[in-house]
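**Q** Next comes data_25.txt, compact mmCIF, C-alpha atoms and all ligand atoms:
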# COMPACT_ATOMS: atom_id res chain seq x y z
CA MET A 1 -74.48 6.49 10.30
CA THR A 2 -71.70 3.89 10.33
CA ASP A 3 -70.32 2.52 13.59
CA ILE A 4 -66.55 2.10 13.90
CA HIS A 5 -64.77 1.24 17.15
CA THR A 6 -61.93 3.75 16.87
CA ILE A 7 -61.60 6.50 14.30
CA ILE A 8 -58.14 7.91 13.70
CA ILE A 9 -57.98 11.25 11.90
CA GLY A 10 -54.77 11.54 9.88
CA SER A 11 -52.73 8.92 8.00
CA GLY A 12 -49.34 10.44 8.84
CA MET A 13 -46.84 8.60 11.01
CA THR A 14 -48.80 9.28 14.21
CA GLY A 15 -52.02 7.84 12.82
CA LEU A 16 -50.27 4.85 11.25
CA SER A 17 -48.30 4.07 14.40
CA CYS A 18 -51.50 4.20 16.45
CA GLY A 19 -53.44 2.09 13.93
CA LEU A 20 -50.72 -0.57 13.74
CA ARG A 21 -50.41 -0.94 17.52
CA LEU A 22 -54.21 -1.13 17.90
CA ALA A 23 -54.35 -3.77 15.16
CA GLU A 24 -51.71 -5.82 17.00
CA ALA A 25 -54.01 -5.72 20.05
CA GLY A 26 -57.01 -6.75 17.92
CA ILE A 27 -58.77 -3.37 18.21
CA LYS A 28 -60.69 -2.30 15.13
CA ALA A 29 -59.76 1.13 13.82
CA THR A 30 -60.30 3.11 10.64
CA ILE A 31 -58.00 5.93 9.56
CA PHE A 32 -59.52 8.88 7.68
CA ASP A 33 -57.34 11.41 5.88
CA LYS A 34 -58.28 14.35 3.71
CA GLY A 35 -55.19 14.06 1.49
CA ARG A 36 -54.82 12.13 -1.75
CA SER A 37 -51.91 10.00 -0.52
CA ILE A 38 -51.10 8.24 2.70
CA GLY A 39 -48.23 9.57 4.85
CA GLY A 40 -49.03 13.22 5.63
CA ARG A 41 -45.80 15.20 5.77
CA MET A 42 -43.79 12.11 4.67
CA ALA A 43 -44.79 13.23 1.22
CA THR A 44 -43.65 12.80 -2.37
CA ARG A 45 -44.75 14.96 -5.31
CA VAL A 46 -44.69 13.36 -8.76
CA SER A 47 -45.03 15.79 -11.67
CA PRO A 48 -46.97 14.87 -14.83
CA GLU A 49 -43.57 14.61 -16.59
CA GLY A 50 -42.36 12.07 -14.01
CA PHE A 51 -40.10 14.29 -11.89
CA GLU A 52 -40.18 13.20 -8.26
CA PHE A 53 -39.53 15.18 -5.10
CA ASP A 54 -39.78 14.27 -1.43
CA HIS A 55 -41.12 17.68 -0.50
CA GLY A 56 -41.87 17.06 3.19
CA ALA A 57 -39.62 15.06 5.55
CA GLN A 58 -36.18 14.60 3.98
CA TYR A 59 -34.93 11.65 6.01
CA PHE A 60 -35.54 10.17 9.43
CA LYS A 61 -33.84 8.31 12.24
CA ALA A 62 -34.97 5.31 14.29
CA LYS A 63 -33.53 5.19 17.81
CA ASP A 64 -36.45 3.69 19.71
CA ASP A 65 -36.28 -0.16 19.79
CA ASP A 66 -39.87 -0.66 18.67
CA PHE A 67 -39.55 1.84 15.82
CA GLN A 68 -36.25 0.21 14.77
CA ARG A 69 -37.98 -3.18 14.62
CA VAL A 70 -40.70 -1.79 12.35
CA VAL A 71 -38.15 -0.01 10.13
CA GLU A 72 -36.20 -3.28 9.81
CA GLU A 73 -39.35 -5.12 8.70
CA VAL A 74 -40.05 -2.46 6.07
CA ARG A 75 -36.38 -2.46 5.00
CA CYS A 76 -36.70 -6.20 4.27
CA ALA A 77 -39.60 -5.32 1.95
CA ASP A 78 -37.35 -2.75 0.18
CA ALA A 79 -39.54 0.21 1.16
CA VAL A 80 -36.87 1.92 3.27
CA SER A 81 -33.09 2.39 2.83
CA ASN A 82 -30.25 4.37 4.33
CA TRP A 83 -29.24 7.44 2.31
CA GLY A 84 -25.66 7.11 3.50
CA ASP A 85 -23.40 10.15 3.47
CA GLY A 86 -20.23 8.28 4.41
CA SER A 87 -20.39 9.41 8.06
CA GLY A 88 -22.08 6.25 9.31
CA ASP A 89 -25.04 8.38 10.49
CA GLN A 90 -28.54 7.12 9.93
CA HIS A 91 -30.39 8.96 7.13
CA LEU A 92 -33.37 6.70 6.47
CA VAL A 93 -35.60 7.35 3.46
CA GLY A 94 -38.59 5.57 1.96
CA THR A 95 -37.79 3.78 -1.31
CA PRO A 96 -38.37 4.37 -4.14
CA ARG A 97 -40.13 7.45 -2.67
CA MET A 98 -40.43 8.88 0.82
CA ASN A 99 -44.13 8.03 0.94
CA SER A 100 -43.36 4.37 0.12
CA PHE A 101 -42.55 3.92 3.81
CA PRO A 102 -45.95 5.05 5.17
CA ALA A 103 -47.65 3.28 2.27
CA LYS A 104 -46.03 0.00 3.32
CA LEU A 105 -47.03 0.54 6.96
CA GLY A 106 -50.64 1.17 5.98
CA GLU A 107 -51.00 -1.96 3.83
CA GLY A 108 -52.84 -4.09 6.39
CA LEU A 109 -54.86 -1.25 7.91
CA SER A 110 -58.21 0.28 7.05
CA VAL A 111 -57.17 3.65 5.59
CA ARG A 112 -59.54 5.93 3.70
CA GLN A 113 -57.94 8.87 1.88
CA GLY A 114 -59.83 11.87 0.52
CA ILE A 115 -62.14 12.22 3.53
CA ASN A 116 -62.15 15.60 5.22
CA ILE A 117 -63.29 15.58 8.85
CA THR A 118 -65.12 18.80 9.62
CA GLN A 119 -66.17 18.40 13.27
CA ILE A 120 -66.59 15.90 16.06
CA TYR A 121 -69.29 15.91 18.76
CA ARG A 122 -69.75 13.94 21.94
CA ASP A 123 -73.16 12.22 22.07
CA GLU A 124 -74.43 10.27 25.09
CA ASP A 125 -71.65 7.69 25.20
CA SER A 126 -69.99 7.84 21.81
CA TRP A 127 -68.56 10.28 19.26
CA SER A 128 -70.13 11.60 16.07
CA VAL A 129 -67.47 12.25 13.48
CA HIS A 130 -68.65 14.51 10.65
CA THR A 131 -67.14 14.51 7.19
CA ASP A 132 -68.09 16.79 4.28
CA ASP A 133 -71.00 14.48 3.44
CA ASP A 134 -71.32 11.72 6.05
CA VAL A 135 -71.37 10.99 9.78
CA PHE A 136 -69.57 8.15 11.56
CA ASP A 137 -70.11 6.93 15.09
CA ALA A 138 -67.12 5.84 17.17
CA GLU A 139 -66.26 4.79 20.69
CA ASN A 140 -62.83 6.45 20.56
CA VAL A 141 -61.53 9.28 18.40
CA VAL A 142 -57.83 9.91 17.84
CA ILE A 143 -56.88 13.22 16.20
CA THR A 144 -53.36 13.40 14.75
CA ILE A 145 -53.49 16.57 12.65
CA PRO A 146 -51.24 19.60 13.39
CA ALA A 147 -52.11 21.09 16.80
CA PRO A 148 -53.23 24.55 15.53
CA GLN A 149 -55.87 22.87 13.33
CA ILE A 150 -57.45 20.76 16.09
CA PRO A 151 -59.65 23.40 17.83
CA ALA A 152 -61.65 23.77 14.60
CA LEU A 153 -62.64 20.09 14.96
CA ILE A 154 -63.25 19.84 18.71
CA GLY A 155 -64.46 23.41 19.34
CA MET A 156 -62.56 26.51 20.41
CA GLY A 157 -64.12 26.28 23.88
CA HIS A 158 -63.06 22.66 24.46
CA PRO A 159 -60.80 22.37 27.56
CA LEU A 160 -58.06 20.72 25.47
CA SER A 161 -57.99 23.66 23.04
CA GLU A 162 -56.33 25.77 25.73
CA ARG A 163 -53.54 23.18 26.16
CA LEU A 164 -53.06 23.18 22.39
CA SER A 165 -52.56 26.93 22.28
CA ALA A 166 -49.16 26.46 23.97
CA VAL A 167 -47.90 24.45 20.98
CA LYS A 168 -46.19 26.51 18.26
CA MET A 169 -45.53 25.31 14.73
CA THR A 170 -43.52 27.04 12.02
CA PRO A 171 -44.15 27.15 8.26
CA CYS A 172 -41.80 25.98 5.52
CA ILE A 173 -41.96 26.98 1.88
CA THR A 174 -40.45 24.22 -0.23
CA LEU A 175 -39.13 24.56 -3.77
CA MET A 176 -39.03 21.61 -6.16
CA ALA A 177 -36.92 22.13 -9.28
CA ALA A 178 -35.75 19.76 -12.02
CA PHE A 179 -32.81 20.72 -14.26
CA SER A 180 -31.33 19.54 -17.51
CA GLY A 181 -27.61 18.91 -17.68
CA GLY A 182 -26.86 15.66 -15.87
CA GLN A 183 -25.96 17.15 -12.48
CA SER A 184 -26.70 14.02 -10.49
CA ALA A 185 -24.26 14.67 -7.64
CA ASP A 186 -25.11 13.56 -4.10
CA ARG A 187 -25.45 16.89 -2.46
CA ARG A 188 -27.24 17.94 0.68
CA ASP A 189 -26.57 21.14 2.54
CA ILE A 190 -27.92 20.68 6.00
CA GLY A 191 -28.16 23.16 8.84
CA LEU A 192 -27.69 26.35 6.83
CA SER A 193 -29.26 27.98 9.85
CA ASP A 194 -28.29 31.59 9.19
CA GLU A 195 -29.51 31.51 5.64
CA ASP A 196 -32.86 31.97 3.93
CA LEU A 197 -32.55 28.43 2.55
CA VAL A 198 -32.05 25.96 5.39
CA TRP A 199 -31.90 22.77 3.33
CA ILE A 200 -30.82 21.95 -0.22
CA ALA A 201 -30.66 18.41 -1.57
CA ASN A 202 -30.48 16.53 -4.81
CA ASN A 203 -33.50 14.28 -4.35
CA SER A 204 -32.22 12.08 -7.18
CA SER A 205 -29.22 11.04 -5.07
CA LYS A 206 -31.46 9.16 -2.65
CA PRO A 207 -31.53 5.38 -3.12
CA GLY A 208 -33.97 3.95 -5.65
CA ARG A 209 -34.83 7.24 -7.40
CA THR A 210 -35.06 7.02 -11.18
CA ALA A 211 -35.74 10.65 -12.19
CA SER A 212 -32.48 12.66 -12.35
CA ASP A 213 -31.65 16.22 -11.30
CA CYS A 214 -34.66 16.77 -9.07
CA TRP A 215 -33.71 19.24 -6.33
CA VAL A 216 -35.51 20.24 -3.15
CA ALA A 217 -34.86 23.46 -1.22
CA GLN A 218 -36.52 24.54 2.00
CA ALA A 219 -36.78 28.13 3.20
CA SER A 220 -36.19 29.13 6.83
CA PRO A 221 -39.17 29.57 9.17
CA LEU A 222 -38.64 33.36 9.19
CA TRP A 223 -38.42 33.66 5.40
CA SER A 224 -41.41 31.33 4.99
CA GLU A 225 -43.54 33.17 7.57
CA ALA A 226 -43.05 36.45 5.71
CA ARG A 227 -44.12 34.94 2.37
CA ILE A 228 -46.59 32.18 3.24
CA ASP A 229 -49.54 34.08 1.74
CA LEU A 230 -47.75 35.45 -1.34
CA PRO A 231 -48.46 33.95 -4.77
CA VAL A 232 -46.33 30.82 -5.25
CA LYS A 233 -45.09 32.12 -8.61
CA GLU A 234 -43.36 35.00 -6.84
CA THR A 235 -41.78 32.91 -4.07
CA GLY A 236 -40.84 30.19 -6.57
CA LYS A 237 -38.88 32.68 -8.68
CA GLU A 238 -37.06 34.04 -5.65
CA MET A 239 -36.22 30.58 -4.29
CA LEU A 240 -35.07 29.29 -7.68
CA SER A 241 -32.63 32.15 -7.94
CA MET A 242 -31.30 31.45 -4.41
CA LEU A 243 -30.99 27.72 -5.14
CA CYS A 244 -29.18 28.27 -8.45
CA SER A 245 -26.67 30.65 -6.90
CA LYS A 246 -25.97 28.06 -4.16
CA ILE A 247 -25.46 25.09 -6.48
CA GLY A 248 -24.02 26.93 -9.47
CA PHE A 249 -26.80 26.12 -11.94
CA ASP A 250 -28.27 28.41 -14.57
CA PRO A 251 -31.97 29.16 -13.87
CA LEU A 252 -32.48 28.87 -17.64
CA ASP A 253 -31.68 25.14 -17.38
CA VAL A 254 -34.70 24.52 -15.19
CA LYS A 255 -37.21 22.10 -16.72
CA TYR A 256 -39.82 22.08 -13.97
CA VAL A 257 -40.55 24.23 -10.90
CA GLU A 258 -43.14 23.88 -8.20
CA VAL A 259 -43.65 25.34 -4.74
CA HIS A 260 -45.39 23.81 -1.74
CA ARG A 261 -46.39 25.91 1.25
CA TRP A 262 -46.38 23.92 4.48
CA LYS A 263 -48.25 26.16 6.88
CA TYR A 264 -47.56 23.84 9.82
CA ALA A 265 -44.27 22.17 8.92
CA ASN A 266 -42.34 21.78 12.15
CA VAL A 267 -43.07 22.20 15.84
CA SER A 268 -40.90 24.85 17.51
CA GLU A 269 -42.56 24.67 20.94
CA PRO A 270 -43.81 21.13 21.58
CA LEU A 271 -46.31 20.06 24.22
CA GLY A 272 -43.71 18.07 26.15
CA GLU A 273 -45.80 14.93 26.64
CA PRO A 274 -46.76 12.24 24.10
CA LEU A 275 -50.54 12.79 24.04
CA LEU A 276 -53.55 14.66 25.37
CA LYS A 277 -56.82 12.99 26.34
CA ASP A 278 -60.16 14.28 27.56
CA LEU A 279 -62.04 13.45 30.75
CA THR A 280 -64.14 10.76 29.04
CA ASN A 281 -60.90 8.91 28.20
CA SER A 282 -62.16 8.46 24.65
CA LEU A 283 -60.77 11.50 22.79
CA PHE A 284 -57.03 11.41 22.17
CA LEU A 285 -54.85 14.05 20.52
CA GLY A 286 -51.32 13.45 19.30
CA GLY A 287 -48.72 14.16 16.67
CA ASP A 288 -45.09 15.13 16.27
CA TRP A 289 -46.12 18.42 17.91
CA CYS A 290 -46.31 16.60 21.24
CA LEU A 291 -42.58 15.85 21.37
CA ALA A 292 -40.32 17.07 18.55
CA PRO A 293 -40.28 17.99 14.85
CA ARG A 294 -39.38 14.49 13.74
CA VAL A 295 -40.92 11.42 12.15
CA GLU A 296 -39.86 9.29 15.11
CA ALA A 297 -41.60 11.66 17.55
CA ALA A 298 -44.82 11.19 15.58
CA TRP A 299 -44.35 7.44 15.78
CA LEU A 300 -43.89 7.58 19.57
CA SER A 301 -46.95 9.77 20.06
CA GLY A 302 -49.13 7.41 18.01
CA ARG A 303 -47.92 4.40 19.94
CA ALA A 304 -48.54 6.13 23.30
CA ILE A 305 -52.14 6.84 22.25
CA ALA A 306 -52.66 3.24 21.17
CA LEU A 307 -51.39 2.00 24.53
CA ALA A 308 -53.73 4.42 26.33
CA ILE A 309 -56.66 2.94 24.39
CA ILE A 310 -55.51 -0.65 24.92
CA ASN A 311 -55.10 -0.06 28.66
CA LYS A 312 -58.50 1.61 29.10
CA GLY A 313 -60.34 -0.06 31.89
CA CYS A 314 -57.18 -1.67 33.27
CA PRO A 315 -56.60 -0.56 36.86
CA GLU A 316 -53.64 1.82 37.11
CA VAL A 317 -50.67 0.41 39.03
C1 LIG B 401 -40.73 20.48 4.91
C2 LIG B 401 -40.60 19.49 6.02
C3 LIG B 401 -39.37 18.88 6.27
C4 LIG B 401 -39.24 17.94 7.29
N1 LIG B 401 -38.05 17.29 7.46
C5 LIG B 401 -37.96 16.29 8.36
C6 LIG B 401 -36.78 15.50 8.45
O1 LIG B 401 -35.85 15.68 7.67
N2 LIG B 401 -36.73 14.53 9.41
C7 LIG B 401 -37.78 14.27 10.25
O2 LIG B 401 -37.70 13.35 11.06
N3 LIG B 401 -38.92 15.00 10.16
C8 LIG B 401 -39.03 15.99 9.25
N4 LIG B 401 -40.19 16.70 9.14
C9 LIG B 401 -41.25 16.47 10.12
C10 LIG B 401 -42.04 15.19 9.84
O3 LIG B 401 -42.49 15.20 8.52
C11 LIG B 401 -43.21 15.14 10.82
O4 LIG B 401 -42.69 15.17 12.14
C12 LIG B 401 -44.09 13.90 10.72
O5 LIG B 401 -44.23 13.45 9.39
C13 LIG B 401 -45.44 14.26 11.33
O6 LIG B 401 -46.34 13.17 11.28
P1 LIG B 401 -47.81 13.33 11.88
O7 LIG B 401 -48.52 12.05 11.63
O8 LIG B 401 -47.72 13.78 13.30
O9 LIG B 401 -48.49 14.53 11.08
P2 LIG B 401 -48.82 14.63 9.51
O10 LIG B 401 -47.83 13.88 8.73
O11 LIG B 401 -49.00 16.08 9.24
O12 LIG B 401 -50.22 13.87 9.37
C14 LIG B 401 -51.44 14.50 9.64
C15 LIG B 401 -52.45 14.07 8.59
O13 LIG B 401 -53.73 14.61 8.94
C16 LIG B 401 -54.44 14.89 7.75
N5 LIG B 401 -55.49 15.86 8.07
C17 LIG B 401 -55.35 17.14 8.48
N6 LIG B 401 -56.56 17.70 8.70
C18 LIG B 401 -57.48 16.74 8.41
C19 LIG B 401 -58.90 16.72 8.44
N7 LIG B 401 -59.63 17.77 8.82
N8 LIG B 401 -59.54 15.58 8.06
C20 LIG B 401 -58.83 14.49 7.67
N9 LIG B 401 -57.47 14.46 7.64
C21 LIG B 401 -56.81 15.57 8.01
C22 LIG B 401 -53.38 15.44 6.81
O14 LIG B 401 -53.79 15.27 5.45
C23 LIG B 401 -52.16 14.58 7.18
O15 LIG B 401 -52.03 13.48 6.30
C24 LIG B 401 -40.36 17.63 8.11
C25 LIG B 401 -41.59 18.23 7.84
C26 LIG B 401 -41.72 19.13 6.80
C27 LIG B 401 -43.06 19.72 6.48
Please express what this file holds, its structure, as structure tokens.

**A**
Amino acid sequence: MTDIHTIIIGSGMTGLSCGLRLAEAGIKATIFDKGRSIGGRMATRVSPEGFEFDHGAQYFKAKDDDFQRVVEEVRCADAVSNWGDGSGDQHLVGTPRMNSFPAKLGEGLSVRQGINITQIYRDEDSWSVHTDDDVFDAENVVITIPAPQIPALIGMGHPLSERLSAVKMTPCITLMAAFSGGQSADRRDIGLSDEDLVWIANNSSKPGRTASDCWVAQASPLWSEARIDLPVKETGKEMLSMLCSKIGFDPLDVKYVEVHRWKYANVSEPLGEPLLKDLTNSLFLGGDWCLAPRVEAAWLSGRAIALAIINKGCPEV
């Protein structure tokens, strides 16, 4: 058994924000994540042929002062840019890929990818964190995975599981398609709320992208819910046809197609507060699902958890 002061489960924006703030305060933390790459839903898929798609978050905003400061630091290191649309609005993206932003944030932290946490238990005065083939001991545990997946780790009967049941998250089926034909236009159709496709964008028009004609389309929560368990080949065909009719491409010009099913993509009914903690003041739950379906909300939740850990033992004023 290995002893670590604070274990953070999840290397998405919530986990990274928490880890960075703890590191600033000199508190040792290790982040475990079951995925191959850092960043969670700030994700980029690279095909064997070299086509690239940001298939999770499409862009993000930074309004909070502290988050803006961090974004500025990363911008100086060329890992974030504004995907300007001429309106002056902020459309921040990681460069050269969306997951370059979380990767940059995680550089100085202890992050271990490819480790699936199966359960956590409270022992006398610490936590046992179980992976597929190991056990870690920690003083604090921070869980930043989507709310509906947390009861499986802490136990369905845990008092916090009831609070989590109020949080609702919606799925999103995402199509990634690369075409031949040099259609490298900057195009993004946002807020197609009455349609089956709610977002269409030419990923290649984002700053720093080298692969051309890589398009991303996202289906509506309703459409996705109805098809989340269908074979991806079927949904991919249907979505490709919808995308092509929207952007005027011939489906025969497609060079590469892939589908990703996000079961818990966006929170539709958030918790309404930045974190949950248990009575021992050593188990903390957070994520975008606490506040809003946005990268910045995840950041704020992670920071609030870090502050709760830093301030442990300080008398409340
Ligand atoms: C399709 C889509 C489009 C979006 N578009 C936008 C957008 O345009 N703008 C915007 O601001 N936001 C957008 N979002 C939302 C944004 O991506 C999220 O709000 C944010 O990334 C959530 O960060 P998080 O750290 O809370 O969770 P996540 O990023 O989900 O991180 C949780 C991590 O926990 C890991 N994990 C889960 N279970 C375990 C386990 N048992 N053991 C170990 N690790 C585990 C996962 O691998 C994951 O890396 C979008 C999301 C999706 C899916």

**Q** Show me which residues line ligand LIG 401 (chain B), defined as having an atom within 6 Å of a ligand atom where only C-alpha atoms and all ligand atoms count, and present them as JSON, numbers by chain.

**A** {"A": [9, 10, 11, 12, 13, 14, 15, 32, 33, 34, 35, 39, 40, 41, 42, 56, 57, 58, 59, 60, 115, 116, 117, 118, 144, 145, 146, 172, 262, 265, 266, 287, 288, 293, 294, 295, 298]}

**Q** Nearest to Trp199 (chain A): which of A:Pro251, A:His55, A:Ala25, A:Arg122 is it, counting all atoms listed in the file?

**A** A:His55

**Q** Return the single residue from A:Pro221, A:Leu160, A:Leu175, A:Lys277 that is closest to Asp54 (chain A), with distances computed using all atoms listed in the file.

**A**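 The closest residue to Asp54 (chain A) is A:Leu175.
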
**Q** Quick one: pull the distance between CA of Ile305 (chain A) and CA of Ala43 (chain A), Å, one decimal.

**A**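 Distance between the two atoms: 23.2 Å.
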
**Q** Set the distance at 6 Å and use only C-alpha atoms: which residues neighbour Cys214 (chain A) once local chain neighbours fewer than 4 positions away are removed? I'd like the list as a list of chain:residue names.

**A**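 Non-adjacent residues within range: A:Ala177, A:Ala178, A:Asn202, A:Asn203, A:Ser204.
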
**Q** So what do you get for CA of Ala297 (chain A) versus CA of Leu22 (chain A), distance-wise?

**A** 18.0 Å

**Q** Figure out the distance between CA of Ser180 (chain A) and CA of Thr235 (chain A), please, to one decimal in Å.

**A**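 Separating CA of Thr235 (chain A) from CA of Ser180 (chain A) is a distance of 21.6 Å.
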
**Q** Of the residues A:Val70, A:Leu20, A:Met98, A:Ile150, which is the one nearest to Ile38 (chain A), using only C-alpha atoms?

**A**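 Among A:Val70, A:Leu20, A:Met98, A:Ile150, it is A:Met98 that comes nearest to Ile38 (chain A).
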
**Q** Please determine, counting all atoms listed in the file, which residue among A:Arg209, A:Arg303, A:Lys233, A:Glu238 has the shortest atom-to-atom distance to Gly50 (chain A).

**A**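 Between A:Arg209, A:Arg303, A:Lys233, A:Glu238, the residue approaching Gly50 (chain A) most closely is A:Arg209.
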
**Q** Please provide the set of residues having any atom within 10 Å of Ala29 (chain A), restricted to all atoms listed in the file, with same-chain residues fewer than 3 positions apart removed, written as a ChimeraX atom specification.

**A** /A:4-8,18-20,22-23,26,32,109-111,138,140-142

**Q** Nearest residue to Thr170 (chain A) out of A:Trp83, A:Trp223, A:Trp215, A:Phe136, using only C-alpha atoms?

**A**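 Counting only C-alpha atoms, the residue closest to Thr170 (chain A) is A:Trp223.
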
**Q** Using only C-alpha atoms, which of A:Thr174, A:Ser205, A:Ser100, A:Ser268 sits nearest Leu243 (chain A)?

**A** A:Thr174

**Q** Quick one: region 149-157 of chain A with all heavy atoms, as a compact mmCIF listing (two decimals), in the coordinates of the input?

**A**
# COMPACT_ATOMS: atom_id res chain seq x y z
N GLN A 149 -54.65 23.15 14.10
CA GLN A 149 -55.87 22.87 13.33
C GLN A 149 -56.91 22.09 14.14
O GLN A 149 -58.04 21.92 13.69
CB GLN A 149 -55.50 22.08 12.06
CG GLN A 149 -54.62 22.88 11.11
CD GLN A 149 -54.22 22.09 9.88
OE1 GLN A 149 -53.83 20.93 9.99
NE2 GLN A 149 -54.30 22.71 8.73
N ILE A 150 -56.54 21.63 15.33
CA ILE A 150 -57.45 20.76 16.09
C ILE A 150 -58.65 21.51 16.69
O ILE A 150 -59.78 21.00 16.64
CB ILE A 150 -56.67 19.97 17.18
CG1 ILE A 150 -55.67 19.03 16.50
CG2 ILE A 150 -57.62 19.19 18.07
CD1 ILE A 150 -54.79 18.24 17.45
N PRO A 151 -58.48 22.73 17.25
CA PRO A 151 -59.65 23.40 17.83
C PRO A 151 -60.82 23.54 16.86
O PRO A 151 -61.98 23.49 17.27
CB PRO A 151 -59.09 24.77 18.24
CG PRO A 151 -57.66 24.48 18.56
CD PRO A 151 -57.24 23.47 17.52
N ALA A 152 -60.55 23.66 15.57
CA ALA A 152 -61.65 23.77 14.60
C ALA A 152 -62.49 22.49 14.59
O ALA A 152 -63.68 22.53 14.26
CB ALA A 152 -61.09 24.04 13.21
N LEU A 153 -61.90 21.36 14.95
CA LEU A 153 -62.64 20.09 14.96
C LEU A 153 -63.34 19.84 16.29
O LEU A 153 -64.46 19.33 16.33
CB LEU A 153 -61.71 18.90 14.68
CG LEU A 153 -61.01 18.81 13.33
CD1 LEU A 153 -60.44 17.41 13.14
CD2 LEU A 153 -61.97 19.11 12.20
N ILE A 154 -62.68 20.19 17.40
CA ILE A 154 -63.25 19.84 18.71
C ILE A 154 -63.99 21.02 19.35
O ILE A 154 -64.69 20.84 20.34
CB ILE A 154 -62.16 19.32 19.69
CG1 ILE A 154 -61.10 20.39 20.00
CG2 ILE A 154 -61.51 18.06 19.15
CD1 ILE A 154 -60.08 19.96 21.06
N GLY A 155 -63.81 22.22 18.79
CA GLY A 155 -64.46 23.41 19.34
C GLY A 155 -63.44 24.28 20.07
O GLY A 155 -62.63 23.77 20.85
N MET A 156 -63.51 25.57 19.80
CA MET A 156 -62.56 26.51 20.41
C MET A 156 -62.68 26.50 21.94
O MET A 156 -61.72 26.73 22.66
CB MET A 156 -62.80 27.94 19.91
CG MET A 156 -62.67 28.08 18.40
SD MET A 156 -60.98 27.76 17.87
CE MET A 156 -61.19 27.78 16.10
N GLY A 157 -63.90 26.22 22.43
CA GLY A 157 -64.12 26.28 23.88
C GLY A 157 -63.80 24.97 24.59
O GLY A 157 -63.94 24.86 25.81
